[in-house]
>>> print(open('input_1.txt').read())   # compact mmCIF, C-alpha atoms
# COMPACT_ATOMS: atom_id res chain seq x y z
CA MET A 1 -8.69 10.62 33.78
CA GLU A 2 -11.68 9.35 35.74
CA LEU A 3 -15.36 9.85 34.98
CA ASN A 4 -17.13 12.32 37.24
CA ALA A 5 -20.79 12.71 38.12
CA ARG A 6 -21.64 14.83 35.11
CA ASP A 7 -19.99 12.27 32.87
CA ASN A 8 -22.33 9.66 34.34
CA GLU A 9 -25.25 11.79 33.23
CA VAL A 10 -23.95 11.61 29.70
CA ILE A 11 -23.51 7.86 30.01
CA ASP A 12 -27.09 7.53 31.22
CA LEU A 13 -28.26 9.44 28.20
CA LEU A 14 -26.24 7.18 25.96
CA THR A 15 -27.82 4.14 27.60
CA LYS A 16 -31.25 5.55 26.85
CA LEU A 17 -30.21 6.09 23.29
CA LYS A 18 -29.12 2.46 23.16
CA ASN A 19 -32.65 1.40 23.87
CA ALA A 20 -33.91 3.28 20.85
CA ASN A 21 -35.93 0.84 18.84
CA VAL A 22 -33.91 0.43 15.66
CA THR A 23 -35.12 -2.64 13.79
CA TYR A 24 -34.06 -4.38 10.65
CA PRO A 25 -36.89 -3.91 8.09
CA HIS A 26 -38.52 -7.29 7.49
CA GLU A 27 -38.33 -7.15 3.70
CA LEU A 28 -34.66 -6.30 3.70
CA LEU A 29 -33.89 -8.90 6.35
CA ALA A 30 -35.78 -11.64 4.49
CA LEU A 31 -34.01 -10.88 1.21
CA ARG A 32 -30.63 -10.73 2.90
CA ARG A 33 -31.24 -13.99 4.71
CA GLN A 34 -32.33 -15.71 1.51
CA GLY A 35 -29.17 -14.59 -0.27
CA TYR A 36 -27.01 -15.66 2.64
CA ILE A 37 -28.55 -19.14 2.76
CA LYS A 38 -27.85 -19.48 -0.96
CA GLN A 39 -24.21 -18.57 -0.39
CA VAL A 40 -24.00 -21.03 2.48
CA ALA A 41 -25.35 -23.81 0.27
CA GLU A 42 -22.79 -23.04 -2.44
CA VAL A 43 -19.91 -22.97 0.02
CA SER A 44 -21.07 -26.19 1.68
CA ALA A 45 -21.33 -27.93 -1.69
CA GLY A 46 -17.81 -26.82 -2.57
CA ALA A 47 -16.55 -27.98 0.79
CA GLY A 48 -18.25 -31.36 0.32
CA PHE A 49 -16.51 -31.80 -3.02
CA ALA A 50 -13.19 -30.89 -1.48
CA MET A 51 -13.73 -33.33 1.36
CA ALA A 52 -14.57 -36.09 -1.13
CA LEU A 53 -11.35 -35.34 -2.97
CA GLY A 54 -9.41 -35.41 0.26
CA SER A 55 -10.80 -38.76 1.33
CA THR A 56 -10.02 -40.23 -2.09
CA ILE A 57 -6.42 -39.07 -1.84
CA LYS A 58 -5.99 -40.31 1.71
CA GLY A 59 -7.79 -43.67 1.57
CA GLY A 60 -7.20 -44.76 -1.97
CA ASN A 61 -10.21 -47.10 -1.72
CA GLY A 62 -12.74 -44.61 -2.96
CA VAL A 63 -16.11 -45.28 -4.38
CA GLY A 64 -16.93 -46.24 -7.97
CA GLY A 65 -16.00 -42.82 -9.40
CA ALA A 66 -12.34 -42.97 -8.29
CA PRO A 67 -10.75 -42.99 -11.80
CA VAL A 68 -12.80 -39.99 -12.76
CA VAL A 69 -11.72 -38.20 -9.61
CA SER A 70 -8.06 -39.04 -10.22
CA LYS A 71 -8.30 -37.70 -13.77
CA LEU A 72 -9.91 -34.58 -12.48
CA LEU A 73 -7.19 -34.25 -9.90
CA GLU A 74 -4.54 -34.68 -12.57
CA MET A 75 -6.10 -31.96 -14.68
CA LEU A 76 -6.29 -29.67 -11.69
CA LEU A 77 -2.63 -30.27 -10.94
CA VAL A 78 -1.61 -29.55 -14.53
CA VAL A 79 -3.65 -26.36 -14.56
CA ALA A 80 -2.13 -25.32 -11.25
CA ILE A 81 1.41 -25.96 -12.51
CA VAL A 82 0.80 -24.00 -15.71
CA ALA A 83 -0.73 -21.15 -13.77
CA GLU A 84 2.16 -21.10 -11.34
CA ALA A 85 4.75 -21.15 -14.14
CA SER A 86 3.04 -18.35 -15.99
CA THR A 87 2.78 -16.32 -12.82
CA VAL A 88 6.47 -16.79 -12.07
CA ALA A 89 7.34 -15.88 -15.66
CA TYR A 90 5.22 -12.77 -15.38
CA PHE A 91 6.83 -11.64 -12.16
CA TYR A 92 10.39 -12.31 -13.39
CA ARG A 93 9.80 -11.16 -16.96
CA ASP A 94 12.53 -8.52 -16.75
CA ARG A 95 15.16 -11.01 -15.74
CA LEU A 96 14.04 -13.42 -18.44
CA ALA A 97 14.24 -10.70 -21.05
CA GLU A 98 17.77 -9.84 -19.93
CA LEU A 99 18.72 -13.49 -20.14
CA PHE A 100 17.51 -13.71 -23.74
CA ARG A 101 19.36 -10.55 -24.66
CA THR A 102 22.65 -11.75 -23.23
CA SER A 103 22.35 -15.12 -24.94
CA SER A 104 21.90 -13.53 -28.37
CA SER A 105 24.24 -10.54 -28.46
CA ALA A 106 25.02 -10.44 -32.26
CA PRO A 107 21.90 -8.66 -33.52
CA ARG A 108 22.64 -5.88 -31.10
CA VAL A 109 25.79 -4.85 -33.02
CA GLU A 110 24.06 -4.96 -36.40
CA GLU A 111 21.35 -2.73 -35.20
CA ILE A 112 23.79 -0.10 -34.04
CA SER A 113 26.26 -0.03 -36.97
CA SER A 114 24.18 -0.32 -40.14
CA PRO A 115 21.75 2.60 -40.50
CA PRO A 116 23.96 5.74 -40.61
CA VAL A 117 26.41 4.37 -43.21
CA ILE A 118 23.75 3.58 -45.81
CA GLU A 119 21.83 6.76 -45.61
CA SER A 120 24.53 9.40 -46.16
CA PRO A 121 25.42 9.27 -49.96
CA PHE A 122 21.92 9.46 -51.39
CA PRO A 123 20.93 13.07 -50.84
CA THR A 124 24.09 14.47 -52.50
CA PHE A 125 23.42 12.54 -55.72
CA GLU A 126 19.91 13.77 -55.88
CA SER A 127 20.85 17.38 -55.37
CA THR A 128 23.48 17.55 -58.10
CA MET A 129 21.10 16.40 -60.80
CA ASN A 130 18.89 19.44 -61.07
CA PRO A 131 20.48 22.83 -61.40
CA ALA A 132 24.03 21.97 -62.50
CA VAL A 133 23.27 20.36 -65.87
CA THR A 134 20.71 22.87 -67.05
CA GLN A 135 22.86 25.86 -66.22
CA THR A 136 25.93 24.58 -68.06
CA GLN A 137 23.90 24.09 -71.26
CA THR A 138 22.77 27.66 -71.19
CA GLN A 139 26.29 28.91 -70.59
CA THR A 140 27.63 27.14 -73.69
CA LYS A 141 25.60 29.47 -75.92
CA THR A 142 28.34 32.06 -75.70
CA PRO A 143 30.56 32.19 -78.80
CA LEU A 144 33.63 30.93 -76.97
CA ALA A 145 31.96 27.84 -75.65
CA THR A 146 30.00 26.70 -78.70
CA PRO A 147 32.80 24.85 -80.49
CA SER A 148 33.71 23.00 -77.35
CA PHE A 149 30.29 21.87 -76.22
CA GLN A 150 31.63 18.37 -75.56
CA PHE A 151 34.47 19.75 -73.53
CA ALA A 152 32.05 21.66 -71.42
CA ALA A 153 30.10 18.51 -70.76
CA GLU A 154 33.30 16.70 -69.87
CA ALA A 155 34.27 19.51 -67.64
CA THR A 156 31.10 19.14 -65.66
CA ASP A 157 31.79 15.45 -65.35
CA GLN A 158 35.31 16.02 -64.19
CA ALA A 159 34.33 18.71 -61.83
CA GLY A 160 31.54 16.54 -60.50
CA GLY A 161 33.10 16.20 -57.09
CA ALA A 162 33.48 19.92 -56.69
CA VAL A 163 29.93 20.48 -57.76
CA MET A 164 28.60 18.02 -55.30
CA GLU A 165 30.46 19.66 -52.50
CA ALA A 166 29.23 23.04 -53.53
CA THR A 167 25.63 21.97 -53.81
CA ASP A 168 25.69 20.78 -50.26
CA GLN A 169 25.93 24.39 -49.25
CA THR A 170 23.83 26.31 -51.75
CA GLY A 171 22.43 25.54 -55.19
CA GLY A 172 23.51 28.86 -56.60
CA VAL A 173 27.15 28.25 -55.85
CA ALA A 174 26.96 24.93 -57.64
CA VAL A 175 25.94 26.69 -60.83
CA VAL A 176 28.88 29.04 -60.62
CA ALA A 177 31.28 26.21 -59.99
CA THR A 178 30.26 24.23 -63.06
CA HIS A 179 30.35 27.33 -65.20
CA GLN A 180 33.88 28.07 -64.10
CA GLY A 181 34.94 24.53 -64.84
CA SER A 182 33.68 24.67 -68.41
CA THR A 183 35.13 28.09 -69.24
CA GLU A 184 38.56 27.24 -67.87
CA GLU A 185 38.63 24.15 -70.02
CA SER A 186 37.71 26.10 -73.12
CA ASN A 187 40.28 28.77 -72.33
CA GLN A 188 42.94 26.15 -71.87
CA THR A 189 42.29 24.67 -75.32
CA VAL A 190 42.52 28.01 -76.96
CA SER A 191 45.33 29.65 -75.06
CA THR A 192 47.81 26.88 -74.29
CA PRO A 193 48.98 25.06 -77.43
CA ALA A 194 51.46 22.23 -77.12
CA PRO A 195 55.04 23.44 -76.86
CA SER A 196 56.99 23.01 -80.05
CA ASP A 197 60.47 21.62 -80.28
CA ASN A 198 61.52 24.23 -82.72
CA THR A 199 64.01 26.41 -80.94
CA ASN A 200 63.49 29.21 -83.36
CA ASP A 201 59.84 29.38 -82.60
CA HIS A 202 59.71 31.60 -79.62
CA SER A 203 56.03 32.08 -79.90
CA ASN A 204 55.41 28.76 -78.17
CA ASN A 205 58.16 27.87 -75.78
CA GLY A 206 56.02 25.78 -73.52
CA ASN A 207 55.26 28.61 -71.30
CA HIS A 208 51.71 28.10 -70.21
CA TYR A 209 51.48 31.59 -69.10
CA GLY A 210 51.67 32.42 -72.77
CA LEU A 211 49.07 34.99 -72.60
CA THR A 212 51.58 37.41 -71.29
CA PRO A 213 52.73 39.77 -74.03
CA LYS A 214 56.06 39.16 -75.60
CA PRO A 215 58.76 41.48 -74.55
CA GLU A 216 59.73 43.72 -77.38
CA ARG A 217 63.29 43.39 -78.41
CA THR A 218 65.31 46.30 -79.29
CA LYS A 219 67.53 45.59 -82.30
CA GLU A 220 70.98 46.88 -82.23
CA PRO A 221 71.83 49.14 -85.10
CA ALA A 222 74.86 47.05 -86.12
CA GLY A 223 72.74 44.04 -86.85
CA ASP A 224 74.62 41.70 -84.48
CA ASN A 225 72.18 38.92 -83.98
CA ASN A 226 74.10 35.87 -82.72
CA SER A 227 71.25 34.08 -81.18
CA HIS A 228 69.39 33.69 -84.46
CA GLN A 229 72.39 32.29 -86.20
CA ASN A 230 72.86 29.54 -83.65
CA MET B 1 -20.94 -19.13 26.09
CA THR B 2 -20.53 -22.84 25.48
CA ASP B 3 -23.39 -22.65 23.00
CA GLY B 4 -21.58 -19.83 21.26
CA ILE B 5 -18.37 -21.84 21.05
CA ALA B 6 -20.24 -24.93 19.84
CA LEU B 7 -21.99 -22.81 17.24
CA LEU B 8 -18.69 -21.36 16.15
CA LYS B 9 -17.07 -24.80 15.83
CA ALA B 10 -20.00 -26.07 13.80
CA ALA B 11 -19.80 -23.00 11.59
CA GLN B 12 -16.11 -23.60 11.02
CA LYS B 13 -17.05 -26.97 9.59
CA LEU B 14 -19.46 -25.11 7.28
CA ASP B 15 -22.54 -26.57 8.90
CA GLU B 16 -25.51 -24.90 7.22
CA GLU B 17 -27.68 -24.82 10.31
CA ALA B 18 -24.95 -23.25 12.41
CA LEU B 19 -24.20 -20.63 9.79
CA THR B 20 -27.89 -19.74 9.48
CA ALA B 21 -28.22 -19.54 13.25
CA ILE B 22 -25.29 -17.12 13.39
CA PHE B 23 -26.96 -14.91 10.83
CA ASP B 24 -30.27 -14.91 12.69
CA GLN B 25 -28.55 -14.10 15.96
CA TYR B 26 -26.22 -11.31 14.83
CA ALA B 27 -27.63 -9.75 11.66
CA PRO B 28 -30.13 -7.41 13.41
CA ALA B 29 -27.48 -6.19 15.88
CA ILE B 30 -24.95 -5.57 13.11
CA TYR B 31 -27.61 -3.75 11.12
CA LYS B 32 -28.43 -1.54 14.12
CA TYR B 33 -24.77 -0.75 14.73
CA THR B 34 -24.12 -0.02 11.06
CA LEU B 35 -27.22 2.12 10.74
CA ARG B 36 -26.06 4.23 13.68
CA LEU B 37 -22.84 4.84 11.87
CA CYS B 38 -23.81 5.19 8.25
CA HIS B 39 -27.29 6.73 8.40
CA ASP B 40 -28.60 4.92 5.31
CA PRO B 41 -30.75 1.73 5.74
CA ILE B 42 -29.78 0.42 2.31
CA VAL B 43 -26.07 0.91 2.97
CA ALA B 44 -26.48 -0.70 6.37
CA ASP B 45 -28.20 -3.68 4.76
CA ASN B 46 -25.41 -3.98 2.18
CA ILE B 47 -22.79 -3.89 4.90
CA VAL B 48 -24.61 -6.66 6.76
CA GLY B 49 -24.48 -8.73 3.57
CA ASP B 50 -20.76 -8.01 3.15
CA VAL B 51 -20.01 -8.90 6.77
CA PHE B 52 -21.60 -12.33 6.49
CA ALA B 53 -20.16 -12.97 3.04
CA GLN B 54 -16.67 -12.30 4.43
CA LEU B 55 -17.40 -14.59 7.34
CA LEU B 56 -18.31 -17.38 4.93
CA GLU B 57 -15.17 -16.81 2.89
CA GLN B 58 -13.05 -16.99 5.98
CA PHE B 59 -14.66 -20.22 7.16
CA ALA B 60 -14.34 -21.74 3.69
CA GLY B 61 -10.64 -20.87 3.70
CA GLY B 62 -10.12 -22.50 7.08
CA LYS B 63 -9.72 -19.13 8.79
CA GLY B 64 -12.09 -16.87 10.68
CA PRO B 65 -12.73 -16.24 14.36
CA ARG B 66 -11.75 -18.86 16.92
CA THR B 67 -13.20 -17.41 20.10
CA ASN B 68 -15.18 -14.16 19.98
CA LEU B 69 -17.53 -14.24 17.02
CA ARG B 70 -19.45 -11.13 18.06
CA SER B 71 -16.33 -8.98 18.25
CA TYR B 72 -15.19 -10.38 14.93
CA LEU B 73 -18.47 -9.47 13.21
CA TYR B 74 -18.47 -5.95 14.65
CA GLN B 75 -14.84 -5.52 13.69
CA THR B 76 -15.63 -6.48 10.09
CA ALA B 77 -18.60 -4.13 10.08
CA TYR B 78 -16.49 -1.34 11.56
CA HIS B 79 -13.85 -1.69 8.83
CA LEU B 80 -16.48 -1.76 6.09
CA VAL B 81 -18.14 1.36 7.47
CA VAL B 82 -14.81 3.16 7.75
CA ASP B 83 -13.91 2.19 4.18
CA ARG B 84 -17.24 3.43 2.88
CA SER B 85 -17.10 6.66 4.82
CA ARG B 86 -13.63 7.32 3.37
CA ASP B 87 -14.95 6.67 -0.13
CA ASN B 88 -18.10 8.72 0.22
CA GLN B 89 -16.60 11.43 2.45
CA HIS B 90 -19.66 11.77 4.62
CA ASN B 91 -19.98 11.23 8.30
CA ALA B 92 -22.26 8.80 9.94
CA PRO B 93 -24.97 10.72 11.73
CA LEU B 94 -27.44 9.14 14.05
CA GLU B 95 -30.60 10.74 12.70
CA VAL B 96 -32.24 7.39 12.04
CA ALA B 97 -31.96 6.58 15.71
CA VAL B 98 -33.84 9.77 16.52
CA GLY B 99 -36.66 8.86 14.16
CA THR B 100 -37.12 5.44 15.67
CA TYR B 101 -36.80 6.84 19.15
CA GLU B 102 -39.82 9.02 18.51
CA LYS B 103 -41.99 6.17 17.27
CA GLY B 104 -44.82 5.04 19.49
CA HIS B 105 -45.23 8.32 21.30
CA PHE B 106 -48.52 9.70 20.09
CA MET B 107 -49.17 12.09 22.98
CA PRO B 108 -45.82 13.08 24.43
CA THR B 109 -45.76 14.28 27.98
CA GLN B 110 -43.66 17.19 29.24
CA THR B 111 -40.97 14.80 30.46
CA GLN B 112 -40.90 13.02 27.13
CA ILE B 113 -40.55 16.30 25.28
CA GLU B 114 -37.65 17.32 27.52
CA GLU B 115 -36.04 13.93 27.05
CA ARG B 116 -36.42 14.22 23.33
CA VAL B 117 -34.74 17.62 23.31
CA ILE B 118 -31.83 16.23 25.32
CA MET B 119 -31.55 13.22 23.01
CA GLU B 120 -31.50 15.38 19.94
CA ALA B 121 -28.80 17.50 21.54
CA LEU B 122 -26.79 14.37 22.36
CA ILE B 123 -27.06 13.00 18.84
CA SER B 124 -26.16 16.34 17.36
CA ALA B 125 -23.11 16.55 19.62
CA MET B 126 -22.05 13.03 18.66
CA ASN B 127 -22.25 13.91 14.99
CA THR B 128 -20.56 17.26 15.13
CA GLU B 129 -18.29 17.42 18.16
CA LEU B 130 -16.68 14.00 18.28
CA THR B 131 -13.88 12.71 16.14
CA GLU B 132 -14.44 9.54 14.16
CA ASP B 133 -12.53 7.43 16.69
CA GLN B 134 -14.37 8.96 19.63
CA ARG B 135 -17.73 8.29 17.97
CA HIS B 136 -16.83 4.67 17.24
CA VAL B 137 -15.55 4.05 20.74
CA ILE B 138 -18.60 5.57 22.40
CA ILE B 139 -21.01 3.66 20.20
CA LEU B 140 -19.22 0.38 20.80
CA ARG B 141 -18.80 0.96 24.53
CA PHE B 142 -22.16 2.44 25.49
CA LEU B 143 -24.59 1.56 22.70
CA GLU B 144 -23.29 -1.92 21.86
CA ASP B 145 -22.04 -2.85 25.34
CA PHE B 146 -18.56 -3.99 24.37
CA SER B 147 -15.85 -4.09 27.01
CA LEU B 148 -12.73 -1.94 26.73
CA LYS B 149 -10.73 -4.94 25.59
CA GLU B 150 -13.26 -5.91 22.93
CA THR B 151 -13.53 -2.34 21.71
CA ALA B 152 -9.75 -2.19 21.49
CA GLU B 153 -9.76 -5.38 19.41
CA ILE B 154 -12.45 -4.11 17.08
CA ILE B 155 -10.85 -0.74 16.47
CA GLY B 156 -7.33 -2.10 16.51
CA LYS B 157 -5.87 0.02 19.30
CA GLU B 158 -4.48 -0.47 22.77
CA VAL B 159 -6.85 -0.60 25.74
CA ASN B 160 -5.27 2.45 27.36
CA ASN B 161 -5.69 4.35 24.13
CA ILE B 162 -9.35 3.38 24.01
CA LYS B 163 -9.78 4.63 27.59
CA VAL B 164 -8.33 8.01 26.68
CA ILE B 165 -10.45 8.28 23.53
CA GLN B 166 -13.59 7.36 25.48
CA ASN B 167 -13.00 9.85 28.29
CA ARG B 168 -12.19 12.67 25.92
CA GLY B 169 -15.32 11.89 23.91
CA ILE B 170 -17.53 11.91 26.98
CA ALA B 171 -15.98 15.16 28.18
CA LYS B 172 -16.70 16.74 24.82
CA LEU B 173 -20.30 15.50 24.89
CA ARG B 174 -20.79 16.79 28.42
CA LYS B 175 -19.44 20.17 27.51
CA SER B 176 -21.50 20.38 24.35
CA LEU B 177 -24.68 19.18 26.06
CA GLY B 178 -24.20 21.67 28.87
CA LEU B 179 -23.89 24.51 26.40
CA GLN B 180 -26.79 23.37 24.24
CA LEU B 181 -29.10 22.75 27.16
CA GLU B 182 -28.27 26.14 28.63
CA GLU B 183 -29.05 27.71 25.27
CA SER B 184 -32.37 25.86 24.90
CA TRP B 185 -33.50 26.72 28.38
>>> encode(input="input_1.txt", output="structure tokens")
Amino acid sequence: MELNARDNEVIDLLTKLKNANVTYPHELLALRRQGYIKQVAEVSAGAGFAMALGSTIKGGNGVGGAPVVSKLLEMLLVVAIVAEASTVAYFYRDRLAELFRTSSSAPRVEEISSPPVIESPFPTFESTMNPAVTQTQTQTKTPLATPSFQFAAEATDQAGGAVMEATDQTGGVAVVATHQGSTEESNQTVSTPAPSDNTNDHSNNGNHYGLTPKPERTKEPAGDNNSHQN
Amino acid sequence: MTDGIALLKAAQKLDEEALTAIFDQYAPAIYKYTLRLCHDPIVADNIVGDVFAQLLEQFAGGKGPRTNLRSYLYQTAYHLVVDRSRDNQHNAPLEVAVGTYEKGHFMPTQTQIEERVIMEALISAMNTELTEDQRHVIILRFLEDFSLKETAEIIGKEVNNIKVIQNRGIAKLRKSLGLQLEESW
């Protein structure tokens, strides 16, 4: 791809444009130069200090301020070491954290096992307190339950486990459960007396299903009643 | 050249006189180059400050240019301009160059008027038709008089690549100027 004659025309125009008189404004140039000279002085002063340090380290026979310089150098070294250590620690912080975790593994197990075991029993105790007790007291107002108010209370205590289970589902069911417990207890005291040893007493033969009506016996007309005689 | 190398060696040792001499020698040229690219005198001045501050940092750190100081300064300026143009998302027109080109012509002749029209067309084509790389290469090659090798160093591309970019840029300018001049006449 070579330049042709018309391209040279363009290049001539560009050369003319090059000669356009673009100048650095004097004010800007003076300010910029002043700032630059200031920077140069600062850098040169820093370089001079560094060179003095270098000559002190190399020669060892420095000027009167050598102890001061050595102290300064010591401080610089300490600062540099601390900075380097902290930088390394920062960059490898993940590895360091893993190292600490592996060295102390016991707390890890405690953290995992403890919380769920402690929390579970509390809510069930709280829930059984409210509706179960109040409802059983109202139920004992019925004529059957009044003499056995203590039994009813005991019944609720005995049936505590069942109540708690029921209240986990719904409060209303818990009320029914306690009520059933108390009434069954009262029925049992009334309907199931202790079985008597008297063989003639057929009214209580230990049958706990005693509520069933006695079968009616048909007496024979001859009056043969052997069972009663024995 | 030997003066330049001696100046550079003195500057590497952070000699204040040498560093000041470098600023006096190159600051106006860098300003001119930057102004052609970035259009704003204040921005151009700031870039000049940044260029020489970086040079000082490099020398203080024992680094910096070893041979071609001029190329190094232009390279730094080029990168700063490119960074700024990416941040600000505006191109670098050459309108300032037009303004200064007109200065001093109180009673323009017919030839001067024609020349001015052509120049305006050229600047317009450089701003609108060329890619960023083409504009940089043409400015460095024809307005700042850098060789192909130096331009390649400044922009950070191969010499052959610079040749291709330059020729394509000139072809675009020629085409655009031909069209614009035909339209104006």
>>> closest_residue(input="input_1.txt", among="A:Ala83, A:Leu99, A:Met75, A:Ala20", to="chain B", atoms="all atoms listed in the file")
A:Ala20
>>> closest_residue(input="input_1.txt", among="B:Leu177, B:Leu148, B:Leu19, B:Val51", to="B:Val117", atoms="only C-alpha atoms")
B:Leu177
>>> atom_distance(input="input_1.txt", atom1="atom CA of B:Glu132", atom2="atom CA of B:Ser176")
16.5 Å
>>> closest_atom_pairs(input="input_1.txt", of="chain B", to="chain A", cutoff="8 Å", atoms="only C-alpha atoms", output="JSON lines")
{"residue": "B:Leu14", "atom": "CA", "partner": "A:Ser44", "partner_atom": "CA", "distance": 5.9}
{"residue": "B:Asp15", "atom": "CA", "partner": "A:Ser44", "partner_atom": "CA", "distance": 7.4}
{"residue": "B:Glu16", "atom": "CA", "partner": "A:Val40", "partner_atom": "CA", "distance": 6.3}
{"residue": "B:Leu19", "atom": "CA", "partner": "A:Val40", "partner_atom": "CA", "distance": 7.3}
{"residue": "B:Thr20", "atom": "CA", "partner": "A:Ile37", "partner_atom": "CA", "distance": 6.8}
{"residue": "B:Phe23", "atom": "CA", "partner": "A:Arg33", "partner_atom": "CA", "distance": 7.5}
{"residue": "B:Pro28", "atom": "CA", "partner": "A:Tyr24", "partner_atom": "CA", "distance": 5.7}
{"residue": "B:Tyr31", "atom": "CA", "partner": "A:Tyr24", "partner_atom": "CA", "distance": 6.5}
{"residue": "B:Lys32", "atom": "CA", "partner": "A:Val22", "partner_atom": "CA", "distance": 6.0}
{"residue": "B:Asp45", "atom": "CA", "partner": "A:Leu28", "partner_atom": "CA", "distance": 7.1}
{"residue": "B:Gly49", "atom": "CA", "partner": "A:Arg32", "partner_atom": "CA", "distance": 6.5}
{"residue": "B:Phe52", "atom": "CA", "partner": "A:Tyr36", "partner_atom": "CA", "distance": 7.4}
{"residue": "B:Ala53", "atom": "CA", "partner": "A:Tyr36", "partner_atom": "CA", "distance": 7.4}
{"residue": "B:Leu56", "atom": "CA", "partner": "A:Val40", "partner_atom": "CA", "distance": 7.2}
{"residue": "B:Ala60", "atom": "CA", "partner": "A:Val43", "partner_atom": "CA", "distance": 6.8}
{"residue": "B:Ala97", "atom": "CA", "partner": "A:Ala20", "partner_atom": "CA", "distance": 6.4}
{"residue": "B:Val98", "atom": "CA", "partner": "A:Ala20", "partner_atom": "CA", "distance": 7.8}
{"residue": "B:Thr100", "atom": "CA", "partner": "A:Asn21", "partner_atom": "CA", "distance": 5.7}
{"residue": "B:Tyr101", "atom": "CA", "partner": "A:Ala20", "partner_atom": "CA", "distance": 4.9}
{"residue": "B:Met119", "atom": "CA", "partner": "A:Leu13", "partner_atom": "CA", "distance": 7.2}
{"residue": "B:Leu122", "atom": "CA", "partner": "A:Leu13", "partner_atom": "CA", "distance": 7.8}
{"residue": "B:Phe142", "atom": "CA", "partner": "A:Leu14", "partner_atom": "CA", "distance": 6.3}
{"residue": "B:Leu143", "atom": "CA", "partner": "A:Lys18", "partner_atom": "CA", "distance": 4.6}
{"residue": "B:Glu144", "atom": "CA", "partner": "A:Lys18", "partner_atom": "CA", "distance": 7.4}
{"residue": "B:Val164", "atom": "CA", "partner": "A:Met1", "partner_atom": "CA", "distance": 7.6}
{"residue": "B:Asn167", "atom": "CA", "partner": "A:Met1", "partner_atom": "CA", "distance": 7.0}
{"residue": "B:Ile170", "atom": "CA", "partner": "A:Asp7", "partner_atom": "CA", "distance": 6.4}
{"residue": "B:Ala171", "atom": "CA", "partner": "A:Asp7", "partner_atom": "CA", "distance": 6.8}
{"residue": "B:Leu173", "atom": "CA", "partner": "A:Val10", "partner_atom": "CA", "distance": 7.2}
{"residue": "B:Arg174", "atom": "CA", "partner": "A:Val10", "partner_atom": "CA", "distance": 6.2}
>>> atom_distance(input="input_1.txt", atom1="atom CA of A:Ala89", atom2="atom CA of A:Leu73")
24.1 Å
>>> closest_residue(input="input_1.txt", among="B:Ile22, B:Ala27, B:Leu140, B:Ala121", to="B:Glu153", atoms="all atoms listed in the file")
B:Leu140
